[in-house]
Amino acid sequence: MNDQREELKRLIRECTMEKLQRREELEDEEVFIQIQEAAFTFAAFRAMLPREKEQLCREVFNSIRGLDILDELLGREDISEIMINGYDHIYVEREGRIERWPGRFESEERYHDIIQQMVSACNRMVNGASPIVDARLADGSRLHVVLPPVALDGAAVTIRHFRKAAFTMEDLVRIQSISEECAQFLRKLVIARYNIFISGGTGAGKTSFLNALSAFIPEDERVVSIEDSAELRLQHIPNLVRLETRMSNEKDCVPVSMRSLLKASLRMRPDRIVVGEVRGEECVDMIQAMNTGQEGSLSTGHANSGRDMLARLETMFLMGLEIPLEAIRRQLSCINIIVHLGRLRDKSRRVLEVWEILGYWDQEVQMQPLYQFVEEGERNGKIYGSLRKVGTLTRTDKLAMAGFGVPSRSLVDKAP
């Protein structure tokens, strides 16, 4: 039945395209009318239910004027990841679970046409000579393409799809990703200009959490955001400069790296710098910025735990600057807080740890846990637990300067 539907869809598209070639440029509404007229010439279409007819005509329209089946997938708020392993093998992630999507592109050729359409719209290029590309779609989704011969079984496309409305901290509290107490604690730290690093594995929700945390930045500050692919939504800050790296896979295109943007940002008089993700040698410039007056900076990185994040930062620092490990660890003390996120076995995303960096002594960067997630049980496949306070903030100087009335036993009072 699905093959018959795909064949009908192909015939309607061919019939419509033949009509459009004899007409001047048409508006989208007129194209949709042409599709409906072509569709009604087929008995199989007339036998469909009204809802099925509307859906099929919409799919044909998307294949002519849009991104084919991707338009439907990108229009769904419940899909967070789209994974295409070939024109007829599409998988999606919904609510943390991966499942096979029943739709497909009509042909391998059409699939490759859509890839080139997406990439060229981002002023990027991908081909056999340069088979890998990262780009950002018009709706902010993150696009990654790998073509043959690197992808052995055909072109592989991965799209990280973000919600139209970014998660707020209130949303994260509501879905129990973080406790109200911890959220208010982090709010105070952001306002007081603590340097905060967010760690976690792939798909743990680092970017969403960074977006939510960034909403606590005061509106009267000048902020520079630096990203590989622009995904942050700091819409409440009027004095915002957004910077994005540039690849070198275009003719006469000079690449612009994260390190170059970090160096440039220091000449822009920022109150604080927000780095989307630190992956390599740019760690040197980020840490040096935090050590030379850019307090209140925020960033994310991949790691399995808060402690592992420190070890990874040491390694990334060595990628860009070969200096003694002791000197690196002394500089890493500029990071005040590490928030570690993770995905539990029920696929839920949670804040698992909040660590305070105490400083450097005994040849190690010393840290203590402030909050830890404690699992309390499982019911109907859902994990229950709580983010418990297990320590008290030691470095309270910034909170005092921000007027939060410390030292105090509790740091979750209402902000003044």
# chains A, B, ... in the order shown; residues from 1 in each chain; ligands from 1
call {"tool": "select_by_dssp", "arguments": {"residues": "segment 30-199 of chain A", "states": "helix (DSSP H, G or I)", "output": "PyMOL selection string"}}
result
chain A and resi 30-39+43-46+50-65+69-74+108-121+169-174+180-191
call {"tool": "residues_around", "arguments": {"residues": "segment 68-78 of chain A", "least_positions_apart": "3", "cutoff": "9 Å", "atoms": "only C-alpha atoms", "output": "VMD selection string"}}
result
chain A and resid 59 to 65 82 92 to 95 103 to 105 110 to 111 114 139 141 161 to 164
call {"tool": "residues_around", "arguments": {"residues": "Val31 of chain A", "least_positions_apart": "2", "cutoff": "9 Å", "atoms": "only C-alpha atoms", "output": "JSON, numbers by chain"}}
result
{"A": [16, 20, 26, 27, 28, 29, 33, 34, 35, 36, 61, 64, 65]}
call {"tool": "residues_around", "arguments": {"residues": "Asp228 of chain A", "least_positions_apart": "6", "cutoff": "9 Å", "atoms": "only C-alpha atoms", "output": "list of chain:residue names"}}
result
A:Asp134, A:Leu243, A:Glu244, A:Thr245, A:Arg246, A:Ser257, A:Met258, A:Gly276, A:Glu277
call {"tool": "write_last_selection", "arguments": {"atoms": "all heavy atoms", "output": "short mmCIF file (atom, residue, chain, number, x, y, z; two decimals), in the first residue's frame"}}
result
data_model
loop_
_atom_site.label_atom_id
_atom_site.label_comp_id
_atom_site.auth_asym_id
_atom_site.auth_seq_id
_atom_site.Cartn_x
_atom_site.Cartn_y
_atom_site.Cartn_z
N ASP A 134 29.11 20.99 7.77
CA ASP A 134 28.21 21.40 8.85
C ASP A 134 27.59 22.72 8.45
O ASP A 134 28.28 23.61 7.93
CB ASP A 134 28.98 21.58 10.17
CG ASP A 134 29.39 20.25 10.77
OD1 ASP A 134 28.50 19.49 11.15
OD2 ASP A 134 30.61 19.99 10.84
N LEU A 243 28.61 35.78 16.95
CA LEU A 243 29.68 35.40 16.04
C LEU A 243 29.58 33.90 15.74
O LEU A 243 29.25 33.10 16.62
CB LEU A 243 31.05 35.71 16.65
CG LEU A 243 31.30 37.17 17.08
CD1 LEU A 243 32.68 37.31 17.70
CD2 LEU A 243 31.14 38.13 15.90
N GLU A 244 29.89 33.54 14.50
CA GLU A 244 29.81 32.14 14.08
C GLU A 244 31.03 31.81 13.24
O GLU A 244 31.47 32.61 12.41
CB GLU A 244 28.53 31.92 13.26
CG GLU A 244 28.29 30.48 12.85
CD GLU A 244 27.01 30.33 12.04
OE1 GLU A 244 26.76 31.16 11.15
OE2 GLU A 244 26.26 29.38 12.31
N THR A 245 31.60 30.62 13.45
CA THR A 245 32.78 30.22 12.69
C THR A 245 32.43 30.01 11.22
O THR A 245 31.26 29.87 10.85
CB THR A 245 33.36 28.91 13.24
OG1 THR A 245 32.38 27.86 13.13
CG2 THR A 245 33.78 29.07 14.69
N ARG A 246 33.47 30.00 10.39
CA ARG A 246 33.27 29.77 8.96
C ARG A 246 34.22 28.68 8.50
O ARG A 246 35.41 28.70 8.83
CB ARG A 246 33.52 31.06 8.16
CG ARG A 246 33.20 30.92 6.68
CD ARG A 246 33.24 32.24 5.97
NE ARG A 246 34.60 32.78 5.89
CZ ARG A 246 34.91 33.96 5.35
NH1 ARG A 246 33.94 34.73 4.91
NH2 ARG A 246 36.15 34.36 5.31
N SER A 257 38.15 30.50 12.68
CA SER A 257 38.06 29.51 13.74
C SER A 257 37.50 30.10 15.01
O SER A 257 37.36 31.32 15.17
CB SER A 257 39.45 28.93 14.03
OG SER A 257 40.29 29.94 14.57
N MET A 258 37.20 29.20 15.97
CA MET A 258 36.74 29.64 17.30
C MET A 258 37.81 30.48 17.97
O MET A 258 37.50 31.49 18.63
CB MET A 258 36.42 28.41 18.16
CG MET A 258 35.22 27.61 17.71
SD MET A 258 33.65 28.39 18.17
CE MET A 258 33.55 27.93 19.90
N GLY A 276 29.44 28.66 22.73
CA GLY A 276 28.49 27.57 22.57
C GLY A 276 29.05 26.23 22.99
O GLY A 276 28.41 25.49 23.73
N GLU A 277 30.25 25.89 22.53
CA GLU A 277 30.87 24.63 22.92
C GLU A 277 32.37 24.71 22.69
O GLU A 277 32.83 25.23 21.67
CB GLU A 277 30.30 23.46 22.11
CG GLU A 277 30.84 22.11 22.55
CD GLU A 277 30.21 20.95 21.82
OE1 GLU A 277 29.08 21.10 21.31
OE2 GLU A 277 30.84 19.88 21.75
#
call {"tool": "residues_around", "arguments": {"residues": "Ser208 of chain A", "least_positions_apart": "6", "cutoff": "10 Å", "atoms": "only C-alpha atoms", "output": "list of chain:residue names"}}
result
A:Phe162, A:Arg163, A:Ala166, A:Phe167, A:Thr168, A:Met169, A:Leu172, A:Ser214, A:Glu231, A:Leu232, A:Arg233
call {"tool": "write_last_selection", "arguments": {"atoms": "N, CA and C atoms", "output": "PDB file, in the first residue's frame"}}
result
ATOM      1  N   PHE A 162      15.625  22.063  16.790  1.00  0.00           N
ATOM      2  CA  PHE A 162      15.340  22.762  18.039  1.00  0.00           C
ATOM      3  C   PHE A 162      13.900  23.270  18.054  1.00  0.00           C
ATOM      4  N   ARG A 163      13.358  23.349  19.231  1.00  0.00           N
ATOM      5  CA  ARG A 163      12.006  23.899  19.401  1.00  0.00           C
ATOM      6  C   ARG A 163      11.974  25.352  18.959  1.00  0.00           C
ATOM      7  N   ALA A 166      12.559  28.321  22.824  1.00  0.00           N
ATOM      8  CA  ALA A 166      13.612  27.682  23.613  1.00  0.00           C
ATOM      9  C   ALA A 166      13.107  27.357  25.013  1.00  0.00           C
ATOM     10  N   PHE A 167      13.676  26.303  25.599  1.00  0.00           N
ATOM     11  CA  PHE A 167      13.348  25.946  26.972  1.00  0.00           C
ATOM     12  C   PHE A 167      13.763  27.072  27.914  1.00  0.00           C
ATOM     13  N   THR A 168      12.888  27.421  28.822  1.00  0.00           N
ATOM     14  CA  THR A 168      13.235  28.347  29.896  1.00  0.00           C
ATOM     15  C   THR A 168      13.571  27.535  31.140  1.00  0.00           C
ATOM     16  N   MET A 169      14.147  28.200  32.142  1.00  0.00           N
ATOM     17  CA  MET A 169      14.450  27.482  33.370  1.00  0.00           C
ATOM     18  C   MET A 169      13.169  27.008  34.038  1.00  0.00           C
ATOM     19  N   LEU A 172      12.317  23.733  32.510  1.00  0.00           N
ATOM     20  CA  LEU A 172      13.173  22.655  33.002  1.00  0.00           C
ATOM     21  C   LEU A 172      12.778  22.229  34.412  1.00  0.00           C
ATOM     22  N   SER A 214      21.370  31.404  30.268  1.00  0.00           N
ATOM     23  CA  SER A 214      21.708  32.719  29.737  1.00  0.00           C
ATOM     24  C   SER A 214      20.594  33.735  29.933  1.00  0.00           C
ATOM     25  N   GLU A 231      23.154  28.654  17.570  1.00  0.00           N
ATOM     26  CA  GLU A 231      21.987  27.977  18.121  1.00  0.00           C
ATOM     27  C   GLU A 231      21.440  28.678  19.356  1.00  0.00           C
ATOM     28  N   LEU A 232      22.240  29.521  19.980  1.00  0.00           N
ATOM     29  CA  LEU A 232      21.796  30.204  21.194  1.00  0.00           C
ATOM     30  C   LEU A 232      20.756  31.258  20.867  1.00  0.00           C
ATOM     31  N   ARG A 233      19.853  31.499  21.818  1.00  0.00           N
ATOM     32  CA  ARG A 233      18.773  32.471  21.626  1.00  0.00           C
ATOM     33  C   ARG A 233      18.766  33.443  22.799  1.00  0.00           C
TER      34      ARG A 233
END
call {"tool": "select_by_dssp", "arguments": {"residues": "segment 163-373 of chain A", "states": "strand (DSSP E)", "output": "PDB file with N, CA and C atoms, in the first residue's frame"}}
result
ATOM      1  N   ILE A 196      30.708  29.806  34.656  1.00  0.00           N
ATOM      2  CA  ILE A 196      29.991  28.527  34.759  1.00  0.00           C
ATOM      3  C   ILE A 196      30.230  27.702  33.499  1.00  0.00           C
ATOM      4  N   PHE A 197      30.558  26.441  33.698  1.00  0.00           N
ATOM      5  CA  PHE A 197      30.789  25.513  32.592  1.00  0.00           C
ATOM      6  C   PHE A 197      29.762  24.392  32.676  1.00  0.00           C
ATOM      7  N   ILE A 198      29.132  24.077  31.546  1.00  0.00           N
ATOM      8  CA  ILE A 198      28.105  23.031  31.488  1.00  0.00           C
ATOM      9  C   ILE A 198      28.685  21.833  30.753  1.00  0.00           C
ATOM     10  N   SER A 199      28.666  20.671  31.384  1.00  0.00           N
ATOM     11  CA  SER A 199      29.213  19.467  30.757  1.00  0.00           C
ATOM     12  C   SER A 199      28.118  18.426  30.574  1.00  0.00           C
ATOM     13  N   GLY A 200      28.407  17.454  29.708  1.00  0.00           N
ATOM     14  CA  GLY A 200      27.437  16.394  29.462  1.00  0.00           C
ATOM     15  C   GLY A 200      27.774  15.656  28.188  1.00  0.00           C
ATOM     16  N   VAL A 223      27.056  41.467  25.637  1.00  0.00           N
ATOM     17  CA  VAL A 223      27.396  40.049  25.565  1.00  0.00           C
ATOM     18  C   VAL A 223      27.848  39.711  24.152  1.00  0.00           C
ATOM     19  N   VAL A 224      28.913  38.908  24.055  1.00  0.00           N
ATOM     20  CA  VAL A 224      29.365  38.368  22.771  1.00  0.00           C
ATOM     21  C   VAL A 224      29.208  36.853  22.827  1.00  0.00           C
ATOM     22  N   SER A 225      28.450  36.286  21.893  1.00  0.00           N
ATOM     23  CA  SER A 225      28.290  34.827  21.823  1.00  0.00           C
ATOM     24  C   SER A 225      29.099  34.299  20.650  1.00  0.00           C
ATOM     25  N   ILE A 226      29.762  33.158  20.858  1.00  0.00           N
ATOM     26  CA  ILE A 226      30.640  32.549  19.852  1.00  0.00           C
ATOM     27  C   ILE A 226      30.249  31.096  19.703  1.00  0.00           C
ATOM     28  N   GLU A 227      29.962  30.687  18.450  1.00  0.00           N
ATOM     29  CA  GLU A 227      29.485  29.324  18.232  1.00  0.00           C
ATOM     30  C   GLU A 227      30.015  28.771  16.915  1.00  0.00           C
ATOM     31  N   LEU A 240      23.897  42.737  22.050  1.00  0.00           N
ATOM     32  CA  LEU A 240      24.391  41.382  21.803  1.00  0.00           C
ATOM     33  C   LEU A 240      25.108  41.322  20.465  1.00  0.00           C
ATOM     34  N   VAL A 241      26.296  40.716  20.452  1.00  0.00           N
ATOM     35  CA  VAL A 241      27.040  40.455  19.218  1.00  0.00           C
ATOM     36  C   VAL A 241      27.135  38.947  19.054  1.00  0.00           C
ATOM     37  N   ARG A 242      26.614  38.426  17.944  1.00  0.00           N
ATOM     38  CA  ARG A 242      26.628  36.991  17.683  1.00  0.00           C
ATOM     39  C   ARG A 242      27.673  36.676  16.624  1.00  0.00           C
ATOM     40  N   LEU A 243      28.605  35.784  16.951  1.00  0.00           N
ATOM     41  CA  LEU A 243      29.679  35.398  16.038  1.00  0.00           C
ATOM     42  C   LEU A 243      29.576  33.904  15.741  1.00  0.00           C
ATOM     43  N   GLU A 244      29.887  33.540  14.499  1.00  0.00           N
ATOM     44  CA  GLU A 244      29.807  32.145  14.076  1.00  0.00           C
ATOM     45  C   GLU A 244      31.028  31.805  13.238  1.00  0.00           C
ATOM     46  N   ARG A 272      30.565  40.001  29.208  1.00  0.00           N
ATOM     47  CA  ARG A 272      30.798  38.565  29.369  1.00  0.00           C
ATOM     48  C   ARG A 272      30.716  37.893  28.008  1.00  0.00           C
ATOM     49  N   ILE A 273      31.359  36.722  27.915  1.00  0.00           N
ATOM     50  CA  ILE A 273      31.422  35.963  26.674  1.00  0.00           C
ATOM     51  C   ILE A 273      30.697  34.634  26.882  1.00  0.00           C
ATOM     52  N   VAL A 274      29.887  34.263  25.908  1.00  0.00           N
ATOM     53  CA  VAL A 274      29.177  32.982  25.941  1.00  0.00           C
ATOM     54  C   VAL A 274      29.675  32.151  24.764  1.00  0.00           C
ATOM     55  N   VAL A 275      30.330  31.026  25.055  1.00  0.00           N
ATOM     56  CA  VAL A 275      30.872  30.148  24.017  1.00  0.00           C
ATOM     57  C   VAL A 275      29.985  28.914  23.921  1.00  0.00           C
ATOM     58  N   LEU A 298      30.130  31.918  30.119  1.00  0.00           N
ATOM     59  CA  LEU A 298      29.439  30.631  30.117  1.00  0.00           C
ATOM     60  C   LEU A 298      29.901  29.814  28.920  1.00  0.00           C
ATOM     61  N   SER A 299      29.969  28.489  29.085  1.00  0.00           N
ATOM     62  CA  SER A 299      30.332  27.631  27.969  1.00  0.00           C
ATOM     63  C   SER A 299      29.885  26.202  28.260  1.00  0.00           C
ATOM     64  N   THR A 300      30.022  25.340  27.245  1.00  0.00           N
ATOM     65  CA  THR A 300      29.678  23.924  27.400  1.00  0.00           C
ATOM     66  C   THR A 300      30.802  23.060  26.832  1.00  0.00           C
ATOM     67  N   GLY A 301      30.790  21.780  27.207  1.00  0.00           N
ATOM     68  CA  GLY A 301      31.759  20.828  26.675  1.00  0.00           C
ATOM     69  C   GLY A 301      31.294  19.401  26.900  1.00  0.00           C
ATOM     70  N   HIS A 302      31.840  18.476  26.128  1.00  0.00           N
ATOM     71  CA  HIS A 302      31.485  17.060  26.247  1.00  0.00           C
ATOM     72  C   HIS A 302      32.318  16.393  27.333  1.00  0.00           C
ATOM     73  N   ILE A 337      32.081  27.174  38.625  1.00  0.00           N
ATOM     74  CA  ILE A 337      31.014  26.174  38.772  1.00  0.00           C
ATOM     75  C   ILE A 337      30.985  25.273  37.535  1.00  0.00           C
ATOM     76  N   ILE A 338      30.815  23.968  37.753  1.00  0.00           N
ATOM     77  CA  ILE A 338      30.552  23.023  36.665  1.00  0.00           C
ATOM     78  C   ILE A 338      29.199  22.373  36.909  1.00  0.00           C
ATOM     79  N   VAL A 339      28.307  22.487  35.932  1.00  0.00           N
ATOM     80  CA  VAL A 339      26.994  21.838  35.987  1.00  0.00           C
ATOM     81  C   VAL A 339      27.024  20.672  35.012  1.00  0.00           C
ATOM     82  N   HIS A 340      26.818  19.461  35.515  1.00  0.00           N
ATOM     83  CA  HIS A 340      26.872  18.285  34.654  1.00  0.00           C
ATOM     84  C   HIS A 340      25.469  17.739  34.390  1.00  0.00           C
ATOM     85  N   LEU A 341      25.168  17.535  33.108  1.00  0.00           N
ATOM     86  CA  LEU A 341      23.873  17.013  32.675  1.00  0.00           C
ATOM     87  C   LEU A 341      24.041  15.583  32.164  1.00  0.00           C
ATOM     88  N   GLY A 342      22.969  14.830  32.203  1.00  0.00           N
ATOM     89  CA  GLY A 342      23.022  13.468  31.690  1.00  0.00           C
ATOM     90  C   GLY A 342      21.645  12.963  31.302  1.00  0.00           C
ATOM     91  N   ARG A 343      21.628  11.845  30.572  1.00  0.00           N
ATOM     92  CA  ARG A 343      20.380  11.189  30.187  1.00  0.00           C
ATOM     93  C   ARG A 343      20.289   9.881  30.945  1.00  0.00           C
ATOM     94  N   ARG A 349      16.319  13.833  30.513  1.00  0.00           N
ATOM     95  CA  ARG A 349      17.520  14.646  30.679  1.00  0.00           C
ATOM     96  C   ARG A 349      17.457  15.331  32.042  1.00  0.00           C
ATOM     97  N   ARG A 350      18.506  15.204  32.819  1.00  0.00           N
ATOM     98  CA  ARG A 350      18.518  15.749  34.177  1.00  0.00           C
ATOM     99  C   ARG A 350      19.841  16.453  34.472  1.00  0.00           C
ATOM    100  N   VAL A 351      19.787  17.405  35.386  1.00  0.00           N
ATOM    101  CA  VAL A 351      21.006  17.920  36.015  1.00  0.00           C
ATOM    102  C   VAL A 351      21.421  16.881  37.044  1.00  0.00           C
ATOM    103  N   LEU A 352      22.599  16.298  36.865  1.00  0.00           N
ATOM    104  CA  LEU A 352      23.056  15.220  37.747  1.00  0.00           C
ATOM    105  C   LEU A 352      24.001  15.715  38.833  1.00  0.00           C
ATOM    106  N   GLU A 353      24.777  16.755  38.535  1.00  0.00           N
ATOM    107  CA  GLU A 353      25.763  17.249  39.501  1.00  0.00           C
ATOM    108  C   GLU A 353      25.963  18.746  39.329  1.00  0.00           C
ATOM    109  N   VAL A 354      26.231  19.419  40.416  1.00  0.00           N
ATOM    110  CA  VAL A 354      26.712  20.803  40.393  1.00  0.00           C
ATOM    111  C   VAL A 354      27.949  20.836  41.282  1.00  0.00           C
ATOM    112  N   TRP A 355      29.079  21.238  40.708  1.00  0.00           N
ATOM    113  CA  TRP A 355      30.352  21.250  41.421  1.00  0.00           C
ATOM    114  C   TRP A 355      30.860  22.680  41.590  1.00  0.00           C
ATOM    115  N   GLU A 356      31.522  22.933  42.704  1.00  0.00           N
ATOM    116  CA  GLU A 356      32.244  24.191  42.897  1.00  0.00           C
ATOM    117  C   GLU A 356      33.735  23.923  42.767  1.00  0.00           C
ATOM    118  N   ILE A 357      34.433  24.754  41.993  1.00  0.00           N
ATOM    119  CA  ILE A 357      35.883  24.672  41.885  1.00  0.00           C
ATOM    120  C   ILE A 357      36.470  25.542  42.994  1.00  0.00           C
ATOM    121  N   LEU A 358      37.201  24.913  43.888  1.00  0.00           N
ATOM    122  CA  LEU A 358      37.702  25.606  45.079  1.00  0.00           C
ATOM    123  C   LEU A 358      39.033  26.304  44.848  1.00  0.00           C
ATOM    124  N   GLY A 359      39.838  25.785  43.937  1.00  0.00           N
ATOM    125  CA  GLY A 359      41.156  26.362  43.701  1.00  0.00           C
ATOM    126  C   GLY A 359      42.184  25.276  43.469  1.00  0.00           C
ATOM    127  N   TYR A 360      43.449  25.687  43.416  1.00  0.00           N
ATOM    128  CA  TYR A 360      44.532  24.744  43.130  1.00  0.00           C
ATOM    129  C   TYR A 360      45.450  24.609  44.334  1.00  0.00           C
ATOM    130  N   TRP A 361      45.573  23.387  44.837  1.00  0.00           N
ATOM    131  CA  TRP A 361      46.589  23.067  45.831  1.00  0.00           C
ATOM    132  C   TRP A 361      46.805  21.553  45.842  1.00  0.00           C
ATOM    133  N   GLU A 364      46.594  19.580  42.499  1.00  0.00           N
ATOM    134  CA  GLU A 364      45.315  19.235  41.873  1.00  0.00           C
ATOM    135  C   GLU A 364      44.361  20.418  41.935  1.00  0.00           C
ATOM    136  N   VAL A 365      43.439  20.466  40.991  1.00  0.00           N
ATOM    137  CA  VAL A 365      42.331  21.422  41.079  1.00  0.00           C
ATOM    138  C   VAL A 365      41.307  20.820  42.023  1.00  0.00           C
ATOM    139  N   GLN A 366      41.060  21.477  43.120  1.00  0.00           N
ATOM    140  CA  GLN A 366      40.155  20.962  44.140  1.00  0.00           C
ATOM    141  C   GLN A 366      38.719  21.378  43.830  1.00  0.00           C
ATOM    142  N   MET A 367      37.796  20.461  44.030  1.00  0.00           N
ATOM    143  CA  MET A 367      36.387  20.748  43.772  1.00  0.00           C
ATOM    144  C   MET A 367      35.521  20.008  44.780  1.00  0.00           C
ATOM    145  N   GLN A 368      34.337  20.551  45.006  1.00  0.00           N
ATOM    146  CA  GLN A 368      33.406  19.906  45.934  1.00  0.00           C
ATOM    147  C   GLN A 368      32.006  19.894  45.325  1.00  0.00           C
ATOM    148  N   PRO A 369      31.216  18.836  45.601  1.00  0.00           N
ATOM    149  CA  PRO A 369      29.845  18.786  45.075  1.00  0.00           C
ATOM    150  C   PRO A 369      28.920  19.699  45.878  1.00  0.00           C
ATOM    151  N   LEU A 370      28.045  20.400  45.172  1.00  0.00           N
ATOM    152  CA  LEU A 370      27.037  21.239  45.819  1.00  0.00           C
ATOM    153  C   LEU A 370      25.651  20.601  45.706  1.00  0.00           C
ATOM    154  N   TYR A 371      25.360  20.001  44.550  1.00  0.00           N
ATOM    155  CA  TYR A 371      24.091  19.300  44.336  1.00  0.00           C
ATOM    156  C   TYR A 371      24.394  17.991  43.620  1.00  0.00           C
ATOM    157  N   GLN A 372      23.653  16.936  43.967  1.00  0.00           N
ATOM    158  CA  GLN A 372      23.779  15.652  43.292  1.00  0.00           C
ATOM    159  C   GLN A 372      22.394  15.029  43.135  1.00  0.00           C
ATOM    160  N   PHE A 373      22.182  14.404  41.968  1.00  0.00           N
ATOM    161  CA  PHE A 373      20.909  13.720  41.717  1.00  0.00           C
ATOM    162  C   PHE A 373      20.929  12.357  42.394  1.00  0.00           C
TER     163      PHE A 373
END
call {"tool": "atom_distance", "arguments": {"atom1": "atom CA of Ile335 of chain A", "atom2": "atom CA of Asn195 of chain A"}}
result
5.2 Å
call {"tool": "atom_distance", "arguments": {"atom1": "atom CA of Val119 of chain A", "atom2": "atom CA of Lys19 of chain A"}}
result
28.1 Å
call {"tool": "closest_residue", "arguments": {"among": "A:Val254, A:Ala212, A:Ile217, A:Leu266", "to": "Ala192 of chain A", "atoms": "only C-alpha atoms"}}
result
A:Ile217
call {"tool": "residues_around", "arguments": {"residues": "Lys263 of chain A", "least_positions_apart": "6", "cutoff": "9 Å", "atoms": "only C-alpha atoms", "output": "NGL selection string"}}
result
:A and (285-286 or 289)
call {"tool": "atom_distance", "arguments": {"atom1": "atom CA of Ser177 of chain A", "atom2": "atom CA of Val190 of chain A"}}
result
18.5 Å
call {"tool": "decode", "arguments": {"residues": "segment 159-175 of chain A", "atoms": "N, CA and C atoms", "output": "compact mmCIF listing (two decimals), in the first residue's frame"}}
result
# COMPACT_ATOMS: atom_id res chain seq x y z
N ILE A 159 20.15 15.97 11.35
CA ILE A 159 19.65 17.32 11.63
C ILE A 159 19.23 17.38 13.09
N ARG A 160 19.88 18.25 13.84
CA ARG A 160 19.46 18.51 15.22
C ARG A 160 18.39 19.61 15.17
N HIS A 161 17.17 19.23 15.52
CA HIS A 161 16.02 20.13 15.39
C HIS A 161 15.68 20.73 16.74
N PHE A 162 15.62 22.06 16.79
CA PHE A 162 15.34 22.76 18.04
C PHE A 162 13.90 23.27 18.05
N ARG A 163 13.36 23.35 19.23
CA ARG A 163 12.01 23.90 19.40
C ARG A 163 11.97 25.35 18.96
N LYS A 164 10.81 25.77 18.43
CA LYS A 164 10.65 27.18 18.05
C LYS A 164 10.82 28.07 19.27
N ALA A 165 10.28 27.66 20.39
CA ALA A 165 10.44 28.40 21.64
C ALA A 165 11.45 27.67 22.50
N ALA A 166 12.56 28.32 22.82
CA ALA A 166 13.61 27.68 23.61
C ALA A 166 13.11 27.36 25.01
N PHE A 167 13.68 26.30 25.60
CA PHE A 167 13.35 25.95 26.97
C PHE A 167 13.76 27.07 27.91
N THR A 168 12.89 27.42 28.82
CA THR A 168 13.23 28.35 29.90
C THR A 168 13.57 27.54 31.14
N MET A 169 14.15 28.20 32.14
CA MET A 169 14.45 27.48 33.37
C MET A 169 13.17 27.01 34.04
N GLU A 170 12.09 27.77 33.87
CA GLU A 170 10.80 27.34 34.42
C GLU A 170 10.33 26.04 33.75
N ASP A 171 10.57 25.93 32.43
CA ASP A 171 10.23 24.69 31.72
C ASP A 171 11.03 23.51 32.28
N LEU A 172 12.32 23.73 32.51
CA LEU A 172 13.17 22.65 33.00
C LEU A 172 12.78 22.23 34.41
N VAL A 173 12.35 23.19 35.23
CA VAL A 173 11.86 22.85 36.57
C VAL A 173 10.56 22.05 36.46
N ARG A 174 9.70 22.46 35.54
CA ARG A 174 8.40 21.80 35.39
C ARG A 174 8.55 20.35 34.95
N ILE A 175 9.50 20.07 34.07
CA ILE A 175 9.69 18.69 33.60
C ILE A 175 10.69 17.94 34.48
